[in-house]
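Visitor: Enclosed is the structure file final_39.cif (mmCIF, C-alpha atoms).
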```cif
data_upload
loop_
_atom_site.label_atom_id
_atom_site.label_comp_id
_atom_site.auth_asym_id
_atom_site.auth_seq_id
_atom_site.Cartn_x
_atom_site.Cartn_y
_atom_site.Cartn_z
CA MET Z 1 -13.23 13.37 -0.93
CA LEU Z 2 -13.89 9.83 -2.04
CA SER Z 3 -12.58 8.58 -5.38
CA GLY Z 4 -15.99 8.82 -7.06
CA GLU Z 5 -16.22 12.48 -6.12
CA LEU Z 6 -12.75 13.17 -7.51
CA ALA Z 7 -13.73 11.64 -10.83
CA THR Z 8 -16.84 13.84 -10.99
CA LEU Z 9 -15.09 17.09 -10.08
CA LEU Z 10 -11.81 16.72 -11.95
CA SER Z 11 -13.06 14.97 -15.11
CA GLY Z 12 -10.00 12.78 -15.59
CA ARG Z 13 -7.36 15.47 -14.92
CA TYR Z 14 -5.80 13.65 -11.99
CA ILE Z 15 -3.84 10.58 -10.97
CA GLU Z 16 -5.29 8.55 -8.12
CA ILE Z 17 -2.73 6.91 -5.81
CA LYS Z 18 -4.41 4.32 -3.62
CA MET Z 19 -2.93 3.83 -0.17
CA LEU Z 20 -3.11 0.72 1.99
CA PRO Z 21 -2.20 0.00 5.62
CA LEU Z 22 1.41 -1.03 6.26
CA SER Z 23 2.65 -4.19 4.58
CA PHE Z 24 4.24 -6.80 6.83
CA LYS Z 25 7.64 -5.78 5.45
CA GLU Z 26 7.00 -2.16 6.50
CA TYR Z 27 5.52 -3.21 9.85
CA ARG Z 28 8.51 -5.42 10.60
CA THR Z 29 11.05 -2.58 10.24
CA ALA Z 30 9.68 -0.98 13.42
CA PHE Z 31 10.42 -3.97 15.65
CA GLY Z 32 14.10 -4.72 15.10
CA ASP Z 33 15.23 -8.33 15.38
CA LYS Z 34 12.09 -9.85 16.88
CA ASN Z 35 11.06 -13.34 15.76
CA ASP Z 36 9.42 -12.99 12.34
CA TYR Z 37 6.89 -15.75 12.95
CA GLN Z 38 5.58 -14.32 16.22
CA LEU Z 39 5.64 -10.82 14.76
CA PHE Z 40 3.57 -12.03 11.82
CA LEU Z 41 0.98 -13.62 14.12
CA ASN Z 42 0.69 -10.23 15.87
CA TYR Z 43 0.35 -8.54 12.47
CA MET Z 44 -2.46 -10.94 11.51
CA LYS Z 45 -4.39 -9.98 14.63
CA ASN Z 46 -3.55 -6.27 15.00
CA GLY Z 47 -3.36 -5.23 11.35
CA GLY Z 48 -1.14 -2.64 9.74
CA MET Z 49 -2.64 0.76 10.53
CA PRO Z 50 0.42 3.03 11.05
CA GLY Z 51 -0.63 4.22 14.52
CA ASN Z 52 -0.54 0.60 15.76
CA ILE Z 53 3.23 0.61 16.10
CA ASP Z 54 3.65 3.29 18.75
CA ILE Z 55 0.62 2.01 20.65
CA ILE Z 56 1.89 -1.59 20.68
CA LYS Z 57 5.28 -0.40 21.91
CA THR Z 58 3.95 1.88 24.64
CA ASN Z 59 0.42 0.84 25.69
CA PRO Z 60 -1.16 -2.09 23.82
CA ASN Z 61 -4.37 -1.67 25.80
CA ASP Z 62 -5.07 1.52 23.80
CA LEU Z 63 -5.12 -0.31 20.46
CA ASP Z 64 -8.90 -0.81 20.40
CA LYS Z 65 -9.40 2.88 21.22
CA TYR Z 66 -7.25 3.82 18.20
CA LEU Z 67 -9.02 1.38 15.89
CA ASP Z 68 -12.39 2.59 17.17
CA GLY Z 69 -11.42 6.13 16.16
CA ILE Z 70 -10.57 5.02 12.63
CA PHE Z 71 -13.66 2.87 12.33
CA SER Z 72 -15.99 5.57 13.64
CA THR Z 73 -14.56 8.15 11.25
CA ILE Z 74 -15.14 5.86 8.27
CA VAL Z 75 -18.60 4.74 9.39
CA TYR Z 76 -19.97 8.12 10.47
CA LYS Z 77 -18.33 10.50 7.99
CA ASP Z 78 -17.49 8.46 4.90
CA ILE Z 79 -20.53 6.20 4.95
CA MET Z 80 -23.48 7.29 7.10
CA LEU Z 81 -23.36 11.05 6.54
CA ARG Z 82 -22.48 10.91 2.85
CA ASN Z 83 -25.14 8.29 2.10
CA ASN Z 84 -27.78 9.61 4.50
CA ILE Z 85 -27.92 6.31 6.38
CA LYS Z 86 -29.77 6.47 9.69
CA ASP Z 87 -29.64 2.91 11.07
CA LYS Z 88 -26.15 2.28 12.46
CA MET Z 89 -27.12 -1.15 13.83
CA ILE Z 90 -28.09 -2.52 10.41
CA LEU Z 91 -24.98 -1.02 8.83
CA GLU Z 92 -22.73 -2.65 11.43
CA SER Z 93 -24.61 -5.95 11.14
CA ILE Z 94 -23.98 -6.09 7.39
CA LEU Z 95 -20.34 -5.16 7.85
CA LYS Z 96 -19.86 -7.77 10.58
CA PHE Z 97 -21.38 -10.39 8.29
CA ILE Z 98 -18.95 -9.46 5.51
CA PHE Z 99 -15.94 -9.30 7.86
CA ASP Z 100 -16.90 -12.69 9.28
CA SER Z 101 -17.13 -14.10 5.74
CA ILE Z 102 -13.89 -12.82 4.18
CA GLY Z 103 -12.65 -15.23 1.56
CA SER Z 104 -16.05 -16.94 1.24
CA SER Z 105 -18.56 -16.51 -1.56
CA ILE Z 106 -21.53 -14.49 -0.39
CA SER Z 107 -24.51 -12.89 -2.10
CA THR Z 108 -26.67 -9.95 -1.11
CA LYS Z 109 -29.58 -12.38 -0.80
CA LYS Z 110 -27.67 -14.52 1.67
CA ILE Z 111 -26.87 -11.46 3.78
CA SER Z 112 -30.46 -10.22 3.61
CA ASP Z 113 -31.94 -13.63 4.48
CA THR Z 114 -29.53 -14.17 7.38
CA LEU Z 115 -30.14 -10.77 8.96
CA THR Z 116 -33.90 -11.09 8.46
CA SER Z 117 -33.82 -14.44 10.27
CA ARG Z 118 -32.15 -12.57 13.18
CA GLY Z 119 -34.98 -10.05 13.33
CA LEU Z 120 -33.44 -7.31 11.15
CA SER Z 121 -35.68 -7.03 8.10
CA ILE Z 122 -33.66 -5.66 5.18
CA SER Z 123 -33.98 -5.89 1.39
CA ASN Z 124 -31.40 -7.09 -1.13
CA HIS Z 125 -31.36 -3.60 -2.62
CA THR Z 126 -30.46 -2.00 0.71
CA VAL Z 127 -27.68 -4.55 1.27
CA GLU Z 128 -26.30 -3.74 -2.19
CA ASN Z 129 -26.31 -0.01 -1.41
CA TYR Z 130 -24.51 -0.54 1.89
CA ILE Z 131 -21.89 -2.77 0.29
CA SER Z 132 -21.29 -0.15 -2.42
CA ALA Z 133 -20.73 2.42 0.33
CA PHE Z 134 -18.24 0.12 2.09
CA VAL Z 135 -16.33 -0.43 -1.16
CA GLU Z 136 -16.32 3.28 -2.05
CA SER Z 137 -14.89 4.08 1.38
CA PHE Z 138 -12.15 1.44 0.93
CA LEU Z 139 -13.34 -0.45 4.01
CA ILE Z 140 -13.75 -3.64 1.99
CA TYR Z 141 -12.70 -4.89 -1.45
CA LYS Z 142 -15.03 -6.72 -3.81
CA VAL Z 143 -13.35 -9.43 -5.89
CA GLU Z 144 -14.79 -10.87 -9.10
CA ARG Z 145 -14.48 -14.43 -10.38
CA PHE Z 146 -12.31 -15.26 -13.39
CA ASP Z 147 -12.73 -18.32 -15.62
CA VAL Z 148 -9.12 -19.43 -16.02
CA LYS Z 149 -9.71 -21.58 -19.09
CA GLY Z 150 -12.12 -19.21 -20.82
CA LYS Z 151 -10.15 -16.11 -19.71
CA ASN Z 152 -13.32 -14.16 -18.94
CA LEU Z 153 -15.10 -12.76 -15.89
CA LEU Z 154 -18.05 -14.59 -14.36
CA ALA Z 155 -21.21 -12.90 -13.07
CA ARG Z 156 -21.97 -14.75 -9.83
CA ASP Z 157 -21.34 -14.54 -6.08
CA TYR Z 158 -18.39 -12.35 -5.17
CA LYS Z 159 -15.83 -12.54 -2.40
CA TYR Z 160 -14.94 -9.67 -0.12
CA TYR Z 161 -11.79 -8.79 1.81
CA SER Z 162 -11.16 -6.31 4.62
CA VAL Z 163 -8.78 -3.37 4.22
CA ASP Z 164 -7.17 -4.27 7.56
CA SER Z 165 -7.24 -7.34 9.80
CA GLY Z 166 -6.99 -5.11 12.89
CA LEU Z 167 -10.25 -3.31 12.05
CA ARG Z 168 -11.82 -6.71 11.50
CA SER Z 169 -10.54 -7.92 14.88
CA TYR Z 170 -11.87 -4.79 16.57
CA LEU Z 171 -15.36 -5.20 15.09
CA LEU Z 172 -15.71 -8.99 15.55
CA GLY Z 173 -13.94 -9.34 18.90
CA LYS Z 174 -12.79 -12.82 19.91
CA LYS Z 175 -14.68 -14.35 16.99
CA ALA Z 176 -12.13 -12.77 14.63
CA ASP Z 177 -9.42 -15.29 15.59
CA SER Z 178 -11.43 -18.35 14.58
CA ASP Z 179 -10.58 -18.30 10.86
CA MET Z 180 -6.82 -17.88 10.52
CA GLY Z 181 -6.78 -19.37 7.02
CA HIS Z 182 -8.98 -16.63 5.59
CA ILE Z 183 -7.10 -13.93 7.51
CA LEU Z 184 -3.91 -15.17 5.86
CA GLU Z 185 -5.71 -15.10 2.52
CA ASN Z 186 -6.79 -11.50 3.19
CA ILE Z 187 -3.17 -10.46 3.87
CA VAL Z 188 -1.99 -12.05 0.62
CA PHE Z 189 -4.79 -10.32 -1.30
CA LEU Z 190 -3.76 -6.89 0.02
CA GLU Z 191 -0.10 -7.58 -0.77
CA LEU Z 192 -0.98 -8.42 -4.37
CA LEU Z 193 -2.78 -5.07 -4.62
CA ARG Z 194 0.33 -3.33 -3.24
CA ARG Z 195 2.41 -5.00 -5.92
CA GLY Z 196 0.23 -3.51 -8.62
CA TYR Z 197 -1.90 -6.47 -9.64
CA THR Z 198 -5.57 -6.61 -10.51
CA VAL Z 199 -6.80 -9.56 -8.47
CA TYR Z 200 -9.54 -12.10 -9.21
CA ILE Z 201 -10.81 -15.37 -7.77
CA GLY Z 202 -9.96 -18.14 -10.23
CA LYS Z 203 -12.38 -20.85 -11.38
CA VAL Z 204 -11.01 -23.99 -13.04
CA ASP Z 205 -13.88 -26.37 -13.89
CA ASP Z 206 -15.37 -27.12 -10.45
CA LEU Z 207 -12.23 -26.07 -8.56
CA GLU Z 208 -11.06 -22.70 -7.27
CA VAL Z 209 -7.76 -20.84 -7.36
CA ASP Z 210 -7.58 -18.42 -4.46
CA PHE Z 211 -6.12 -15.59 -6.53
CA VAL Z 212 -5.43 -14.83 -10.17
CA ALA Z 213 -3.10 -11.82 -10.20
CA LYS Z 214 -3.00 -9.91 -13.49
CA ASN Z 215 -0.75 -7.14 -14.79
CA ARG Z 216 0.67 -6.09 -18.16
CA GLU Z 217 3.12 -8.99 -18.08
CA GLY Z 218 0.43 -11.63 -17.78
CA LEU Z 219 -1.01 -13.77 -14.99
CA LYS Z 220 0.16 -15.39 -11.77
CA TYR Z 221 -1.77 -17.95 -9.73
CA TYR Z 222 -1.78 -18.21 -5.93
CA GLN Z 223 -3.16 -20.76 -3.49
CA VAL Z 224 -3.03 -19.86 0.21
CA ALA Z 225 -3.19 -22.32 3.12
CA LEU Z 226 -2.14 -22.28 6.76
CA THR Z 227 -0.42 -25.65 6.38
CA VAL Z 228 -0.08 -28.43 3.83
CA ARG Z 229 1.80 -30.88 6.02
CA GLU Z 230 -0.91 -33.52 5.47
CA GLU Z 231 -0.62 -35.20 2.08
CA LYS Z 232 -4.36 -34.94 1.35
CA VAL Z 233 -4.35 -31.21 2.05
CA LEU Z 234 -1.32 -30.68 -0.18
CA GLU Z 235 -2.95 -32.61 -3.02
CA ARG Z 236 -6.15 -30.61 -2.63
CA GLU Z 237 -4.35 -27.25 -2.74
CA LEU Z 238 -2.27 -28.25 -5.76
CA ARG Z 239 -5.16 -29.69 -7.77
CA ALA Z 240 -6.66 -26.43 -9.07
CA LEU Z 241 -3.22 -25.04 -9.99
CA GLN Z 242 -2.42 -28.23 -11.88
CA LYS Z 243 -5.58 -27.90 -13.98
CA THR Z 244 -5.09 -24.34 -15.24
CA GLY Z 245 -3.77 -25.64 -18.56
CA ASP Z 246 -1.20 -22.87 -19.07
CA HIS Z 247 2.38 -22.04 -18.14
CA TYR Z 248 1.93 -18.89 -16.08
CA PRO Z 249 3.75 -18.88 -12.69
CA LYS Z 250 1.95 -20.75 -9.91
CA TYR Z 251 2.53 -20.42 -6.16
CA LEU Z 252 1.37 -22.19 -3.03
CA LEU Z 253 1.81 -19.91 0.02
CA THR Z 254 1.69 -21.45 3.50
CA LEU Z 255 2.78 -20.75 7.07
CA ASP Z 256 4.79 -24.00 7.12
CA MET Z 257 8.38 -23.19 8.06
CA ASP Z 258 9.82 -25.41 5.32
CA LEU Z 259 12.32 -24.79 2.57
CA GLU Z 260 10.97 -23.63 -0.76
CA ALA Z 261 9.80 -26.59 -2.84
CA ASP Z 262 8.66 -27.24 -6.40
CA TYR Z 263 5.80 -29.52 -7.50
CA ASP Z 264 5.97 -29.81 -11.29
CA GLY Z 265 6.28 -26.08 -11.78
CA ILE Z 266 4.23 -25.02 -8.72
CA THR Z 267 6.42 -23.20 -6.19
CA LYS Z 268 5.59 -23.75 -2.52
CA ILE Z 269 6.99 -20.96 -0.39
CA ASN Z 270 6.55 -19.76 3.17
CA VAL Z 271 4.20 -16.78 3.11
CA ILE Z 272 6.39 -14.71 5.44
CA ASP Z 273 9.37 -15.17 3.11
CA TRP Z 274 7.14 -14.18 0.17
CA LEU Z 275 5.92 -11.06 1.96
CA LEU Z 276 9.48 -9.98 2.77
CA LYS Z 277 10.77 -10.43 -0.77
CA GLU Z 278 11.47 -7.36 -2.88
CA LYS Z 279 8.51 -6.32 -5.03
#
```
Would you write the structure of this file as structure tokens?

Guide:
Amino acid sequence: MLSGELATLLSGRYIEIKMLPLSFKEYRTAFGDKNDYQLFLNYMKNGGMPGNIDIIKTNPNDLDKYLDGIFSTIVYKDIMLRNNIKDKMILESILKFIFDSIGSSISTKKISDTLTSRGLSISNHTVENYISAFVESFLIYKVERFDVKGKNLLARDYKYYSVDSGLRSYLLGKKADSDMGHILENIVFLELLRRGYTVYIGKVDDLEVDFVAKNREGLKYYQVALTVREEKVLERELRALQKTGDHYPKYLLTLDMDLEADYDGITKINVIDWLLKEK
């Protein structure tokens, strides 16, 4: 049963424990003393579905077959059958669009207009219904925007993230490797969920904070970048964090293999080190 069905049938008399694919820390335990950096690059591409590990160790060529089985189960049973959806091609086209746009602001109108221009006529309403089905099946996560200075949610274009980078790679093929920055962002987003945070996209004036992580203790801010070796890139990534106007913890996560550094209260840390830290 999906979570919405549990809520209907049990009327609040239950505790829902949400599961995610393996974290990098969990994934790493299966591979002994292999180089963490190379292992992480493999994790970015292959994802963290538990069955990946045995397949990668024994016959990597079977990985797509395994991911296809997971994907087909979700698409056919959790989405198409439950929602009486007949057109698999349109469903996959919408999902591919979202997977290809992880970490970017997109609207249902943009999806509808783009697919219509490709010869697949589809309404905004239908796109909304399909996206709701994806979210309900935990195939994607919808992330709202948060006004950091006003401390309130904003009703505008959302961002979406995939439940697993391996499923994304399977569906998009070679195209999946072209946006490593957003894949890294996706991994950080999922890790924040694992650590018990409610996660938003932060808006500070005309700038954006990749993630505002909220729990009962308060807020934490995160910027994510592949590298900030160039001074202009570093300044750009720090700018939004510097303008938050509060004293909550702020982090810049990168793949740069540098020592941890501090920029006036903003901690720059290697993302692999951050992922391997205790929760």

Visitor: Exactly which residues make up the result of the PyMOL selection byres ((chain Z and resi 207) around 10) on this file, given as a PyMOL selection string?

Guide: chain Z and resi 202-206+208-210+236-237+239-241+243-244

Visitor: For each of Z:Tyr37, Z:Phe99, Z:Tyr14, Z:Tyr200, take the minimum atom-to-atom distance to Asn215 of chain Z, counting all atoms listed in the file, then give the residue where this is smallest.

Guide: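 Ranked by minimum distance to Asn215 of chain Z, first place goes to Z:Tyr200.
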
Visitor: Just how far from atom CA of Tyr222 of chain Z is atom CA of Leu252 of chain Z, in Å to one decimal?

Guide: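 Taking atom CA of Leu252 of chain Z as the start and atom CA of Tyr222 of chain Z as the end point, the length is 5.8 Å.
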
Visitor: Taking (-7.0, -16.6, -3.6) as a centre in this file's frame and 12 Å as the limit, can you find every polymer residue with an atom that close, using only C-alpha atoms, and give them as a PyMOL selection string?

Guide: chain Z and resi 102-105+143-146+159-161+181-192+199-203+207-213+220-225+237+240-241+250-253

Visitor: Spell out the residues picked by the PyMOL selection byres ((chain Z and resi 128) around 12) here, as a count of residues only.

Guide: 24

Visitor: Take atom CA of Glu260 of chain Z and atom CA of Gly47 of chain Z and report the distance between them in Å, one decimal.

Guide: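 A separation of 26.3 Å between them.
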
Visitor: Name the closest residue to Leu63 of chain Z among the candidates Z:Thr254, Z:Leu172, Z:Asp113, Z:Leu167; distances are taken between atoms, counting all atoms listed in the file.

Guide: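 Using all atoms listed in the file, Leu63 of chain Z sits closest to Z:Leu167.
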
Visitor: Output, as JSON, the centre and edge lengths in Å (one decimal) of the axis-aligned box that contains all listed atoms of segment 269-278 of chain Z with 5 Å of margin on each side.

Guide:
```
{"center_x": 7.8, "center_y": -14.2, "center_z": 1.3, "size_x": 17.3, "size_y": 23.6, "size_z": 18.3}
```

Visitor: Could you please determine the separation between atom CA of Ile98 of chain Z and atom CA of Arg195 of chain Z in Å, to one decimal place?

Guide: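 These two atoms are separated by 24.6 Å.
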
Visitor: Name the residues that the PyMOL selection byres ((chain Z and resi 64-73) around 9) picks from the file above, as a list in words, using the file's chain letters and numbers.

Guide: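 Residues picked by the PyMOL selection byres ((chain Z and resi 64-73) around 9): Met49, Gly51, Asn52, Ile55, Pro60, Asn61, Asp62, Leu63, Ile74, Val75, Tyr76, Lys77, Asp78, Ile79, Leu139, Gly166, Leu167, Tyr170 and Leu171 of chain Z.
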